[in-house]
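To keep things clear, I will list the structure first and then write my remarks on it.
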Amino acid sequence: MKTIKDLNIKDKKVLIRCDFNVPIKDHKIIDDSRIKGALQTINYCLENNCKIILLSHLGRIKEESDLIKNDLEPIAKRLEELLEKKVYFSKKTRGVELETLIESMKAKDILLIQNTRYEDLEGKKESKNDKELGAYWASLGDVFINDAFGTIHRAHASNVGISSNIDSAVGFLIEKELNALNALNCPEHPFIVILGGAKVADKIGVIENLVTKADKILIGGGMAFTFLKAKNIEIGKSLLDEENISFCQNLIKNYSNKIILPIDIAVTNNFTNDENYREKNIEDIELDEMGLDIGSKTLSLFKDYLKNAKLVLWNGPLGVYEFTKYRKNTDELLKYIVDNNLKTILGGGDIVASATTAGFKDKVYHASTGGGATLEYLEGKKLPGLESIK
Ligand code: AMP
């Protein structure tokens, strides 16, 4: 993969696609970690005397009222504070006003362009990778750096559109993300995969891609119940993904030594945090009960399998993490991983959010930030944002 260091960027006008899709409430940034994540690439461009033009999306733009809510200007302000340097802002995504601002830029000036998805309001030009828009943005710079991992699985005008037109590479953030995830292509063994979360349907691609590489797949969360059902075990009112029972049956049949299912479950009668739960062996679940977490015997079993692991990939929490009662085992297993220094990749989305809440995110080998992008990478799919740079 061509990285920023492979490009000659000295004294050039550099376009950088960042991921400034941060949580914002009442125009205030709630978590600025994504903005901080962009600093390494920006600073490298400053060292190289570049004129720096930043692009990013924020939220979704479907109607007029989405515009104000997803205005990127607060990001420019926060960037200024972090860089201790003026950051210019263009309220327009194209046109004379933007072009005049760019013409007046000097070396080491930084300009942030308004939310790329403002272009979605009419004809979804950004999200549908409108050719003319990609070529226009590309015409504003000399080279392009894509540093937005979260959208790398999408072909948008602000990534694929630009990189199809000018010399391009990935920035430090994407490089770091790919370096960590690449460990999964040639894993050290034992390689243990932990899968949790809600639905089997969302994880089929990941399971199919990883089942041949992994030594064991430990299954918890809501998805475990479809596997248990596939073994004719009564699961009561627990989450069931009816359409995928036969997928689970086949998997259990073909990989019986690899698929490890819960042996006990925390059950209750209603989907609430307010009632007490009981731990039950899986064959004792009653018709009016639902499982909201794995049980303590399963936690010990999972720890046993992890004991000598050389590489661990974890996607999806083991229980209903949003309820304090049912996050205990996810937190404990995260703690076990950290205490035993197990080389672990947290594969995006809810498990990274869980690790952040529990204070373990910065203690694991890698917490992949990509959500959908990470999942598609784990499924072995080609990612358009990367392909267009290759
Ligand atoms: P995912 O996005 O697939 O990683 O799924 C995360 C979601 O799975 C979270 O919202 C959890 O509440 C949910 N989840 C985990 N365990 C269970 C369970 N036993 N029953 C229902 N939902 C669950």
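Identifiers in the structure tokens: chain A, B, ... in order shown; residue index from 1 per chain; ligand index from 1 in order shown.
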
For the strand (DSSP E or B) assignment from backbone DSSP, which residues of range 108-169 of chain A qualify? Please present them as a list in words.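 For range 108-169 of chain A, the strand (DSSP E or B) set is Ile110, Leu111, Leu112, Ile113, Val143, Phe144, Ile145, Asn146, Ser168 and Ala169 of chain A.
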
Let me have all residues with an atom within 10 Å of ligand 1, counting only C-alpha atoms and all ligand atoms, laid out as JSON, numbers by chain. {"A": [195, 196, 197, 198, 199, 200, 201, 202, 203, 220, 221, 222, 223, 224, 225, 237, 238, 239, 240, 265, 266, 267, 271, 290, 291, 292, 293, 294, 314, 315, 316, 317, 318, 319, 320, 321, 322, 323, 326, 327, 330, 347, 348, 349, 350, 351, 352, 353, 354, 371, 372, 375]}

Excluding Ile16 in chain A and its own-chain neighbours fewer than 6 positions away, which residues fall within 12 Å of it when counting only C-alpha atoms? Please give them as number ranges by chain. A: 4, 9, 38-45, 50-56, 110-113, 137-138, 140-148, 158-159, 162-163, 168-173

Atoms kept (C-alpha atoms) for selection, written as a short mmCIF file (atom, residue, chain, number, x, y, z; two decimals), in the first residue's frame:
data_model
loop_
_atom_site.label_atom_id
_atom_site.label_comp_id
_atom_site.auth_asym_id
_atom_site.auth_seq_id
_atom_site.Cartn_x
_atom_site.Cartn_y
_atom_site.Cartn_z
CA ILE A 4 2.21 9.23 2.67
CA ILE A 9 4.67 16.07 -0.86
CA ALA A 38 -5.64 13.28 12.26
CA LEU A 39 -2.84 15.34 13.80
CA GLN A 40 0.09 13.07 12.86
CA THR A 41 -0.66 13.31 9.14
CA ILE A 42 -1.36 17.05 9.33
CA ASN A 43 1.85 17.71 11.27
CA TYR A 44 3.89 15.69 8.75
CA CYS A 45 2.46 17.90 5.97
CA CYS A 50 2.63 21.97 2.35
CA LYS A 51 -0.56 23.91 1.82
CA ILE A 52 -3.06 21.67 3.57
CA ILE A 53 -6.66 21.28 2.45
CA LEU A 54 -8.84 19.06 4.68
CA LEU A 55 -12.07 17.30 3.73
CA SER A 56 -14.42 15.25 5.90
CA ILE A 110 -4.53 24.89 6.70
CA LEU A 111 -8.02 25.08 5.23
CA LEU A 112 -10.98 22.90 6.18
CA ILE A 113 -13.72 22.56 3.57
CA TRP A 137 -12.07 18.34 -5.64
CA ALA A 138 -8.98 16.63 -7.10
CA LEU A 140 -7.93 21.78 -5.97
CA GLY A 141 -4.72 19.98 -4.92
CA ASP A 142 -1.52 18.37 -6.21
CA VAL A 143 -1.68 15.11 -4.25
CA PHE A 144 -4.28 13.28 -2.15
CA ILE A 145 -3.95 11.53 1.22
CA ASN A 146 -6.79 9.33 2.44
CA ASP A 147 -6.71 9.09 6.23
CA ALA A 148 -10.38 8.29 6.89
CA SER A 158 -14.17 12.55 -1.39
CA ASN A 159 -12.10 9.36 -1.36
CA ILE A 162 -10.35 12.19 -5.76
CA SER A 163 -7.86 9.32 -5.78
CA SER A 168 -2.64 9.36 -3.87
CA ALA A 169 -1.57 7.49 -0.75
CA VAL A 170 -2.91 6.59 2.69
CA GLY A 171 -2.08 8.63 5.79
CA PHE A 172 -0.59 7.48 9.10
CA LEU A 173 -3.94 6.61 10.68
#

Skipping near chain neighbours, those fewer than 4 positions away, what residues fall within 7 Å of Val160 in chain A using only C-alpha atoms, listed as a VMD selection string? chain A and resid 155 to 156 164 384 to 385 388

Compare A:Lys13, A:Asp6, A:Leu301, A:Ile337 by their minimum atom-to-atom distance to Glu103 in chain A, counting only C-alpha atoms, and give me the closest one. A:Lys13

Considering only helix (DSSP H, G or I) as DSSP defines it on the backbone, what residues of range 34-279 of chain A qualify? List them as a ChimeraX atom specification. /A:34-37,39-47,65-69,73-83,96-103,116-120,131-139,149-151,157-163,172-182,201-210,224-230,242-254

Residues within 10 Å of Lys307 in chain A, please, as a list of chain:residue names. Count only C-alpha atoms; anything in the same chain fewer than 4 positions from it doesn't count. A:Pro190, A:Phe302, A:Lys303, A:Tyr336, A:Ile337, A:Asn340, A:Leu342

Select, from A:Ala355, A:Ile75, A:Ile61, A:Ile204, the residue with the minimum atom-to-atom distance to Val22 in chain A, counting only C-alpha atoms.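 Of the candidates, the smallest distance to Val22 in chain A is held by A:Ile75.
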
Need to verify the contact set: Asp31 in chain A, 12 Å, only C-alpha atoms, exclusion of same-chain residues closer than 4 positions in sequence. Can you return it as a list in words? Phe20, Asn21, Val22, Pro23, Ile24, Lys25, Ile35, Lys36, Gly37, Ile75, Arg78 and Thr356 of chain A

Keeping only all heavy atoms, write those residues as a compact mmCIF listing (two decimals), in the first residue's frame.
# COMPACT_ATOMS: atom_id res chain seq x y z
N PHE A 20 -13.54 13.33 10.48
CA PHE A 20 -13.95 14.24 11.55
C PHE A 20 -15.42 14.00 11.92
O PHE A 20 -16.12 14.91 12.36
CB PHE A 20 -13.76 15.70 11.11
CG PHE A 20 -12.31 16.10 10.94
CD1 PHE A 20 -11.94 17.02 9.97
CD2 PHE A 20 -11.32 15.57 11.75
CE1 PHE A 20 -10.62 17.41 9.81
CE2 PHE A 20 -9.98 15.95 11.60
CZ PHE A 20 -9.64 16.87 10.63
N ASN A 21 -15.87 12.79 11.70
CA ASN A 21 -17.26 12.45 12.00
C ASN A 21 -17.40 12.19 13.51
O ASN A 21 -17.58 11.08 13.96
CB ASN A 21 -17.65 11.21 11.19
CG ASN A 21 -19.12 10.90 11.31
OD1 ASN A 21 -19.95 11.79 11.48
ND2 ASN A 21 -19.45 9.61 11.25
N VAL A 22 -17.29 13.27 14.29
CA VAL A 22 -17.26 13.16 15.75
C VAL A 22 -18.67 13.40 16.32
O VAL A 22 -19.49 14.05 15.68
CB VAL A 22 -16.29 14.21 16.36
CG1 VAL A 22 -14.86 13.94 15.93
CG2 VAL A 22 -16.70 15.62 15.97
N PRO A 23 -18.92 12.87 17.52
CA PRO A 23 -20.22 13.16 18.13
C PRO A 23 -20.32 14.63 18.53
O PRO A 23 -19.42 15.16 19.19
CB PRO A 23 -20.25 12.25 19.36
CG PRO A 23 -18.86 11.82 19.60
CD PRO A 23 -18.09 11.97 18.33
N ILE A 24 -21.40 15.28 18.08
CA ILE A 24 -21.60 16.71 18.38
C ILE A 24 -23.00 16.91 18.94
O ILE A 24 -23.95 16.30 18.45
CB ILE A 24 -21.45 17.55 17.08
CG1 ILE A 24 -20.00 17.57 16.64
CG2 ILE A 24 -21.99 18.97 17.26
CD1 ILE A 24 -19.67 18.62 15.61
N LYS A 25 -23.09 17.71 19.99
CA LYS A 25 -24.42 18.04 20.53
C LYS A 25 -24.48 19.55 20.72
O LYS A 25 -23.54 20.11 21.31
CB LYS A 25 -24.63 17.31 21.86
CG LYS A 25 -26.07 16.99 22.10
CD LYS A 25 -26.28 16.12 23.31
CE LYS A 25 -27.77 16.03 23.54
NZ LYS A 25 -28.12 15.73 24.89
N ILE A 35 -10.43 13.80 15.89
CA ILE A 35 -9.70 15.00 15.43
C ILE A 35 -8.22 14.84 15.82
O ILE A 35 -7.33 15.09 15.01
CB ILE A 35 -10.29 16.29 16.04
CG1 ILE A 35 -11.80 16.34 15.77
CG2 ILE A 35 -9.60 17.52 15.47
CD1 ILE A 35 -12.50 17.53 16.37
N LYS A 36 -8.01 14.38 17.05
CA LYS A 36 -6.62 14.15 17.49
C LYS A 36 -5.95 13.11 16.60
O LYS A 36 -4.75 13.19 16.31
CB LYS A 36 -6.60 13.68 18.95
CG LYS A 36 -6.93 14.81 19.92
CD LYS A 36 -6.86 14.31 21.35
CE LYS A 36 -7.15 15.45 22.32
NZ LYS A 36 -7.79 14.97 23.54
N GLY A 37 -6.72 12.13 16.16
CA GLY A 37 -6.18 11.07 15.31
C GLY A 37 -5.62 11.58 13.99
O GLY A 37 -4.78 10.92 13.37
N ILE A 75 -15.34 21.97 14.11
CA ILE A 75 -14.14 21.12 14.00
C ILE A 75 -12.92 22.00 13.69
O ILE A 75 -11.82 21.76 14.23
CB ILE A 75 -14.30 20.07 12.87
CG1 ILE A 75 -15.64 19.36 12.97
CG2 ILE A 75 -13.12 19.11 12.83
CD1 ILE A 75 -15.81 18.38 14.04
N ARG A 78 -11.77 23.51 16.88
CA ARG A 78 -11.07 22.57 17.77
C ARG A 78 -9.67 22.25 17.23
O ARG A 78 -8.71 22.13 17.99
CB ARG A 78 -11.90 21.27 17.90
CG ARG A 78 -11.32 20.25 18.85
CD ARG A 78 -11.42 20.70 20.32
NE ARG A 78 -10.64 19.85 21.21
CZ ARG A 78 -9.63 20.26 21.96
NH1 ARG A 78 -9.26 21.54 21.96
NH2 ARG A 78 -8.96 19.43 22.72
N THR A 356 -13.92 1.03 25.77
CA THR A 356 -13.71 2.44 26.12
C THR A 356 -14.38 2.71 27.46
O THR A 356 -13.77 3.28 28.37
CB THR A 356 -14.31 3.36 25.03
OG1 THR A 356 -13.77 2.96 23.78
CG2 THR A 356 -13.96 4.82 25.28

Using Å and a single decimal, report how far CA of Leu346 in chain A sits from CA of Leu378 in chain A. 11.3 Å

With distances taken over only C-alpha atoms, which of A:Gln249, A:Ser368, A:Thr116, A:Thr212 is nearest to Asp71 in chain A?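 Of A:Gln249, A:Ser368, A:Thr116, A:Thr212, the one nearest Asp71 in chain A, counting only C-alpha atoms, is A:Thr116.
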